[in-house]
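Chemist: What follows is a structure written as structure tokens; I'll ask about it next.
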Amino acid sequence: MANTTHPPRDRDISAALGERVRKADAEGTPLRIVGGDTKAFYGRQVQGRPGEVEALSTRDHRGITGYDPVELIVSVRAGTPLADLEAALAEHGQMLPFEPPHFGGAATVGGMVAAGLSGPRRPWAGAVRDFVLGARVITHTGDEQRFGGEVMKNVAGYDLSRLMVGAQGSLGLLTEVTLKVLPRPSASHGLRLEMPLEQARQRLADWGRQPLPLTAAAWQDGALHLRLEGGPGSVAATRERLGGEDLEADFWESLREQRLAFFSGEDGRPLWRLSLPQRARLEAEGLDEHAMLHDWAGAQRWLRSDLPAETLREACASAGGHASCLTPGAAEPFTPLAPVMAKYHRRLKAELDPRGIFNPGRLYAEL
Amino acid sequence: MNIHYDARLDGELPRRDKAEVLAALQQAAPGLTLLHREEDLHPFECDGLAAYRVLPMLVALPETLDQVEALLKGCRELGVPVVTRGAGTGLSGGALPLEQGVLLVMSRFNRILDVDPDARTARVQPGVRNLAISEAAAPHGLYYAPDPSSQIACSIGGNVAENAGGVHCLKYGLTVHNVMKVEIITIEGERLTLGSEALDAPGFDLLALINGSEGMLGVVTEITVKLLPKPETAKVLMASFDDVGKAGRAVGDIIAAGIVPGGLEMMDNLAIRAAEDFIHAGYPVEAQAILLCELDGVEADVDDDCDRVRQVLEAAGATDIQQARDEAERALFWAGRKNAFPAVGRMSPDYYCMDGTIPRRELPRVLQGISDLSDAYGLKVANVFHAGDGNMHPLILFDANREGELEQAEELGGKILELCVEAGGSITGEHGVGREKINQMCAQFSPDELTTFHAVKAAFDPERLLNPGKNIPTLARCAEFGAMHVHGGELPHPELPRF
């Protein structure tokens, strides 16, 4: 029995996890894979007949299995708290460059990969998937398999480790992941510039063509918020050039964790995430771009709206993007796939999870 | 073990009458250029892995997507395999034709469709050359980051198929990090859009899956790439070392100092001498190793970083450190490195370029292992190394006109790759598996893992008509490969069926 007062640390329970999966596959039992359960709201409910779905927790499968700061690579078990990983990296002046949101202290590394969400630095640094180098996955047969590698560059075989990112656990049970990490920037400064949305858009497009040390940009309510990061020289020079007022130190974390007033639950309308080309204009009856929070220099927009999902999705689709609903209970949180895309998704799911045991229905009803 | 397609190990391919296939495809895809006379097929018999040549049954040179679609559907109906080829510069034989197959050449899709300086993207056809994208973006102060050594000639479609890298990967990533959207046509003739012009797309990350899939899942017909603003400045330091191990440790020290160089390359003495003879870059021919460290970004930061790197290199025991004085000298320093392969080619009638990746800390041990193998086989090996990201390119010198020497070189190469796997690395960092490293895949992956790869293939191409025999070996091939690597009288994977 595990000691309940001191949570078990650094344990390898992959054999037990494999056994659970093997049994579930034999019996056709749908598994609801759970890490810290901080992102349950993000996606559909795992589906199955009443009482049939079994929860499978990865939380006891934890620990950093390999971290050599000089290699810029860390390998970590799926149940490891994200906060523990970030603390270990910070000790060596390193970080996860994609700034994953936690949405709670219990957030795990496995959940971070399965959800595939990235923070404010994403347009400049890349997304979760860009830093995944390798993964261990328990497949439907219960075997733990290794894909990708523990090196920076590896093109042997199909890139199954990146395929796991954002797949919401629907293709296999992620047990370990190897990530590329980077040194933290030596200087960082946040600033706030009053300007209307149109001007912010134009500025961001202009700055995008220049080698500025920009690593976050969000417009809301008449102000553009910027983060400058790099060497002290470039940050100081850019700060002087752009002017504006200093931004509170926790602004970007509050944005990432959805703790800004914009996200507060008091507004009863559903919360939408619109993923769009940075400069796309959205046009639909009742849609006010000025009421949105434009993160990622405009490529990720947050919106409180009770417009019909179809209206929002059509507007996003014609602008080259898509829309997800983050408020629990939405019939389809994610944009439905075009029929031909859905076909290949179904085939991939059927090949990798023939009995449909891994988080069935979590991403889409048919997967 | 031979890498030629072997129906016994790689699976039977249907035998079709060439004249019938030609007639059927002419009918299926009106107006499509189909080459069929032997003299017309010869230019396509190999890619950059020129030691292997196979005459395809037919060569198709489509000009429209409808022709590609009709060709794929036609081939599927006939059960004829299709090998897709871009510029043919690949080094792993990924575009090596099949005798019973059609070679689909995408070189006529060579238009840059759109460069959007505000969105910082370029939409291009697959036959566009890698360097041409940066040239088209240059007037806007932008460029396309991945820069494989073959960038003058290689095409972006092939870059996607191989997930091509280059000398700036540590900081700027591989192809997969720089491509936003890819259009493909499947063997069933269906058109899919993977990724989007936004920063993500709903559903599985099939965009990640298609990068590096070596033409096994679909035919790439259009690519939208991300463009980056040109760094304000780039400066390069060249450090000499009297010991390869010291140079290897210096690489780690630079990273440990919190610096991510734009490029960090290492060459050993043989490679230095070859490059210097050819390019006259001013390389120190007495050094056992040199490091080229490029720092790019905003002027003030780059100057700071140059000072810090210089201190690190001195502390690591560099015997000499030079900083390129101007852009011309910087280009010259790089010219030596970028021409290292042809430079080595001048020293020897033939050379064989390897592409293993290792954790950097294993460098001294792996270099020693390579040196021991080189002695054992009596073949010289020059080492060129993307030191920043652990990607080694040992170049094995040999003479194909000497009886058995090609086979010796290949065997030595295979051993080097197995050494990389033992050190916790990979058999290929950026050149791909293709046909070249099909056997070494058996060393890197277990039969269960290979079975999962085959399952992914089956989701896109259940009849295995796209580039059969490449990238993922059959279990039968691995059983045979295992049989040649008998340890202590025991056959690895004795449970595997032989066919």
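Going through the structure tokens in order, the chains are called A, B, and so on, while each chain numbers its residues from 1 and the ligands are numbered from 1 in the order shown.
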Would you pick out the contacts of region 317-325 of chain A at 12 Å or less, using only C-alpha atoms, so that residues sharing its chain but fewer than 4 positions from it are not included, and give the list as a count of residues only?
Modeler: 58
Chemist: Using the chain letters and numbers from this document, which residues of region 9-184 of chain B does DSSP assign to strand (DSSP E or B), as a VMD selection string?
Modeler: chain B and resid 33 to 35 58 to 61 82 to 85 102 to 105 112 to 116 121 to 124 129 142 to 143 155 179 to 184
Chemist: I'd like the neighbourhood of region 162-169 of chain B as a PyMOL selection string, where a residue qualifies if any of its atoms comes within 7 Å (using only C-alpha atoms), though same-chain residues fewer than 3 positions away should be ignored.
Modeler: (chain A and resi 155) or (chain B and resi 146-149+158-159+172-176+211-214+262-263+386+430-432)
Chemist: Could you work out which residues of chain B fall inside 6 Å of chain A? Count only C-alpha atoms, and format the result as number ranges by chain.
Modeler: B: 118, 197-198, 204-205, 209, 213, 229, 231, 252, 255-256, 258, 300-301, 359, 389, 426, 428-430, 432, 449, 455, 459
Chemist: Between B:Ala145, B:Leu22, B:Pro81, B:Pro364, which one has atoms that come closest to Asn178 (chain B), using only C-alpha atoms?
Modeler: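 That would be B:Ala145, the residue with the smallest distance to Asn178 (chain B).
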Chemist: Quick one: residues within 10 Å of Phe278 (chain B), only C-alpha atoms, excluding same-chain residues fewer than 2 positions away - as a count of residues only?
Modeler: 16
Chemist: Name the residues in contact with region 11-19 of chain A at a cut-off of 12 Å, using only C-alpha atoms, excluding same-chain residues fewer than 2 positions from it; report them as an mmCIF file with C-alpha atoms, in the first residue's frame.
Modeler:
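The result, written out as out_24.cif:
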```
data_model
loop_
_atom_site.group_PDB
_atom_site.id
_atom_site.type_symbol
_atom_site.label_atom_id
_atom_site.label_comp_id
_atom_site.auth_asym_id
_atom_site.auth_seq_id
_atom_site.Cartn_x
_atom_site.Cartn_y
_atom_site.Cartn_z
ATOM 1 C CA ALA A 2 1.244 3.432 -0.781
ATOM 2 C CA PRO A 7 2.512 10.693 -1.912
ATOM 3 C CA PRO A 8 4.700 8.120 -3.610
ATOM 4 C CA ARG A 9 7.510 9.673 -5.596
ATOM 5 C CA VAL A 21 -4.420 -1.918 -20.518
ATOM 6 C CA ARG A 22 -4.012 -5.538 -21.591
ATOM 7 C CA LYS A 23 -7.014 -6.501 -19.485
ATOM 8 C CA ALA A 24 -9.103 -3.594 -20.744
ATOM 9 C CA ASP A 25 -8.267 -4.513 -24.329
ATOM 10 C CA ALA A 26 -9.227 -8.125 -23.752
ATOM 11 C CA LEU A 31 -10.498 3.603 -20.037
ATOM 12 C CA ILE A 33 -6.998 8.164 -18.511
ATOM 13 C CA ALA A 55 -10.544 5.466 -14.598
ATOM 14 C CA LEU A 56 -6.846 4.799 -15.119
ATOM 15 C CA SER A 57 -4.584 7.097 -13.141
ATOM 16 C CA THR A 58 -1.030 7.826 -14.198
ATOM 17 C CA ARG A 59 -0.208 9.824 -11.084
ATOM 18 C CA ASP A 60 1.859 7.128 -9.408
ATOM 19 C CA HIS A 61 4.023 6.762 -12.485
ATOM 20 C CA ARG A 62 6.273 9.661 -11.773
ATOM 21 C CA GLY A 63 9.797 10.947 -11.658
ATOM 22 C CA ILE A 64 12.395 12.529 -13.880
ATOM 23 C CA THR A 65 14.261 9.618 -15.434
ATOM 24 C CA VAL A 76 10.041 12.451 -17.428
ATOM 25 C CA ARG A 77 7.280 10.023 -16.487
ATOM 26 C CA ALA A 78 3.739 11.000 -17.378
ATOM 27 C CA GLY A 79 2.403 11.254 -13.809
ATOM 28 C CA THR A 80 5.078 13.706 -12.688
ATOM 29 C CA ARG A 136 6.993 5.880 -24.347
ATOM 30 C CA VAL A 137 3.495 4.711 -25.013
ATOM 31 C CA ILE A 138 1.590 1.661 -23.803
ATOM 32 C CA THR A 139 -0.236 0.476 -26.893
ATOM 33 C CA HIS A 140 -3.492 -1.474 -26.889
ATOM 34 C CA THR A 141 -1.581 -4.736 -26.532
ATOM 35 C CA GLY A 142 -0.261 -3.559 -23.160
ATOM 36 C CA ASP A 143 3.344 -3.279 -24.385
ATOM 37 C CA GLU A 144 5.316 -0.179 -23.585
ATOM 38 C CA GLN A 145 6.877 1.050 -26.817
ATOM 39 C CA GLY A 172 -2.430 5.063 -26.455
ATOM 40 C CA LEU A 173 -1.366 5.506 -22.848
ATOM 41 C CA LEU A 174 1.511 7.933 -22.646
ATOM 42 C CA THR A 175 3.929 6.829 -19.902
ATOM 43 C CA GLU A 176 7.026 8.914 -20.485
#
```
Chemist: Using only C-alpha atoms, pick whichever of B:Gly74, B:Gly86, B:Gly215, B:Gly94 has the shortest atom-to-atom distance to Leu466 (chain B).
Modeler: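 With only C-alpha atoms as the atom set, the closest residue is B:Gly215.
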Chemist: Give me, as a ChimeraX atom specification, all polymer residues having an atom no more than 10 Å from Cys75 (chain B), counting only C-alpha atoms and skipping those fewer than 4 positions away in the same chain.
Modeler: /B:21,24-25,28,69-71,79-82,101-102,187-188,465-466
Chemist: Just the residues within 12 Å of Glu407 (chain B), please, counting only C-alpha atoms, with nothing from its chain fewer than 6 positions along; format it as a list in words.
Modeler: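 Within the cut-off, the hits are Met1, Asn2, Ile3, Ala51, Tyr352, Tyr377, Leu379, Ile396, Phe398, Asp399, Ala400, Asn401, Gly413 and Gly414 of chain B.
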Chemist: Using C-alpha atoms, can you export the residues from the last selection as a short mmCIF file (atom, residue, chain, number, x, y, z; two decimals), in the first residue's frame?
Modeler:
```
data_model
loop_
_atom_site.label_atom_id
_atom_site.label_comp_id
_atom_site.auth_asym_id
_atom_site.auth_seq_id
_atom_site.Cartn_x
_atom_site.Cartn_y
_atom_site.Cartn_z
CA MET B 1 23.05 -7.54 -45.66
CA ASN B 2 21.88 -6.35 -49.03
CA ILE B 3 19.47 -3.44 -49.28
CA ALA B 51 25.58 3.49 -55.35
CA TYR B 352 29.83 7.18 -47.89
CA TYR B 377 38.16 -2.13 -41.58
CA LEU B 379 39.04 2.52 -44.21
CA ILE B 396 33.77 6.76 -44.90
CA PHE B 398 36.61 4.02 -50.05
CA ASP B 399 37.18 3.01 -53.65
CA ALA B 400 34.24 1.25 -55.28
CA ASN B 401 36.53 -0.04 -58.03
CA GLY B 413 28.64 2.35 -41.79
CA GLY B 414 26.11 -0.06 -40.37
#
```
Chemist: Going by DSSP on the backbone, which residues of region 120-298 of chain A come out as helix (DSSP H, G or I)? List them as a ChimeraX atom specification.
Modeler: /A:122-125,128-131,160-163,197-208,232-242,251-256,261-263,289-291,296-298
Chemist: Store the residues picked out above, limited to C-alpha atoms, as a PDB file, in the first residue's frame.
Modeler:
```pdb
ATOM      1  CA  ARG A 122       3.901  29.849 -28.454  1.00  0.00           C
ATOM      2  CA  PRO A 123       4.091  31.990 -31.661  1.00  0.00           C
ATOM      3  CA  TRP A 124       7.767  32.750 -31.057  1.00  0.00           C
ATOM      4  CA  ALA A 125       9.072  29.594 -29.391  1.00  0.00           C
ATOM      5  CA  VAL A 128       4.302  21.515 -26.943  1.00  0.00           C
ATOM      6  CA  ARG A 129       4.653  19.279 -29.985  1.00  0.00           C
ATOM      7  CA  ASP A 130       7.675  21.244 -31.178  1.00  0.00           C
ATOM      8  CA  PHE A 131       9.588  20.265 -28.033  1.00  0.00           C
ATOM      9  CA  LEU A 160       4.412   8.893 -33.243  1.00  0.00           C
ATOM     10  CA  SER A 161       5.594  10.877 -30.242  1.00  0.00           C
ATOM     11  CA  ARG A 162       4.409  14.159 -31.768  1.00  0.00           C
ATOM     12  CA  LEU A 163       1.211  12.453 -32.927  1.00  0.00           C
ATOM     13  CA  LEU A 197      -6.964  47.120 -31.977  1.00  0.00           C
ATOM     14  CA  GLU A 198      -6.322  48.222 -35.563  1.00  0.00           C
ATOM     15  CA  GLN A 199      -3.097  49.943 -34.653  1.00  0.00           C
ATOM     16  CA  ALA A 200      -1.956  46.981 -32.548  1.00  0.00           C
ATOM     17  CA  ARG A 201      -2.523  44.676 -35.506  1.00  0.00           C
ATOM     18  CA  GLN A 202      -0.468  46.840 -37.820  1.00  0.00           C
ATOM     19  CA  ARG A 203       2.326  47.246 -35.281  1.00  0.00           C
ATOM     20  CA  LEU A 204       2.516  43.504 -34.652  1.00  0.00           C
ATOM     21  CA  ALA A 205       2.706  42.808 -38.384  1.00  0.00           C
ATOM     22  CA  ASP A 206       5.520  45.357 -38.762  1.00  0.00           C
ATOM     23  CA  TRP A 207       7.415  44.097 -35.714  1.00  0.00           C
ATOM     24  CA  GLY A 208       7.031  40.526 -36.926  1.00  0.00           C
ATOM     25  CA  PRO A 232      19.957  42.642 -21.269  1.00  0.00           C
ATOM     26  CA  GLY A 233      21.202  44.847 -24.115  1.00  0.00           C
ATOM     27  CA  SER A 234      18.459  44.099 -26.587  1.00  0.00           C
ATOM     28  CA  VAL A 235      15.691  44.147 -23.967  1.00  0.00           C
ATOM     29  CA  ALA A 236      16.807  47.538 -22.634  1.00  0.00           C
ATOM     30  CA  ALA A 237      17.130  49.009 -26.118  1.00  0.00           C
ATOM     31  CA  THR A 238      13.721  47.759 -27.235  1.00  0.00           C
ATOM     32  CA  ARG A 239      12.109  48.920 -24.016  1.00  0.00           C
ATOM     33  CA  GLU A 240      13.427  52.389 -24.636  1.00  0.00           C
ATOM     34  CA  ARG A 241      12.300  52.348 -28.240  1.00  0.00           C
ATOM     35  CA  LEU A 242       8.734  51.182 -27.552  1.00  0.00           C
ATOM     36  CA  PHE A 251       0.450  39.275 -16.033  1.00  0.00           C
ATOM     37  CA  TRP A 252       1.591  36.510 -18.407  1.00  0.00           C
ATOM     38  CA  GLU A 253       1.090  33.774 -15.865  1.00  0.00           C
ATOM     39  CA  SER A 254      -2.397  35.111 -15.101  1.00  0.00           C
ATOM     40  CA  LEU A 255      -3.176  35.130 -18.806  1.00  0.00           C
ATOM     41  CA  ARG A 256      -1.802  31.621 -19.271  1.00  0.00           C
ATOM     42  CA  ALA A 261     -10.767  39.113 -14.942  1.00  0.00           C
ATOM     43  CA  PHE A 262     -11.676  38.391 -18.575  1.00  0.00           C
ATOM     44  CA  PHE A 263     -11.866  34.671 -17.804  1.00  0.00           C
ATOM     45  CA  GLU A 289     -13.599  41.661 -32.243  1.00  0.00           C
ATOM     46  CA  HIS A 290     -13.017  44.407 -29.686  1.00  0.00           C
ATOM     47  CA  ALA A 291     -14.643  42.294 -26.996  1.00  0.00           C
ATOM     48  CA  TRP A 296      -0.483  35.113 -29.529  1.00  0.00           C
ATOM     49  CA  ALA A 297      -0.319  38.392 -31.474  1.00  0.00           C
ATOM     50  CA  GLY A 298      -3.839  37.642 -32.666  1.00  0.00           C
TER      51      GLY A 298
END
```
Chemist: Please compute the CA of Leu72 (chain B)-CA of His42 (chain B) distance, one decimal, in Å.
Modeler: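 Atom-to-atom, CA of Leu72 (chain B) and CA of His42 (chain B) are spaced 22.5 Å apart.
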Chemist: Report, in Å with one decimal, the straight-line distance from CA of Ala136 (chain B) to CA of Ile184 (chain B).
Modeler: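 Separation between CA of Ala136 (chain B) and CA of Ile184 (chain B): 23.6 Å.
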Chemist: For Met195 (chain A), which residue out of A:Ala87, A:Ala218, A:Leu247, A:Leu260 is the nearest one, using only C-alpha atoms?
Modeler: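 Ranked by minimum distance to Met195 (chain A), first place goes to A:Ala218.
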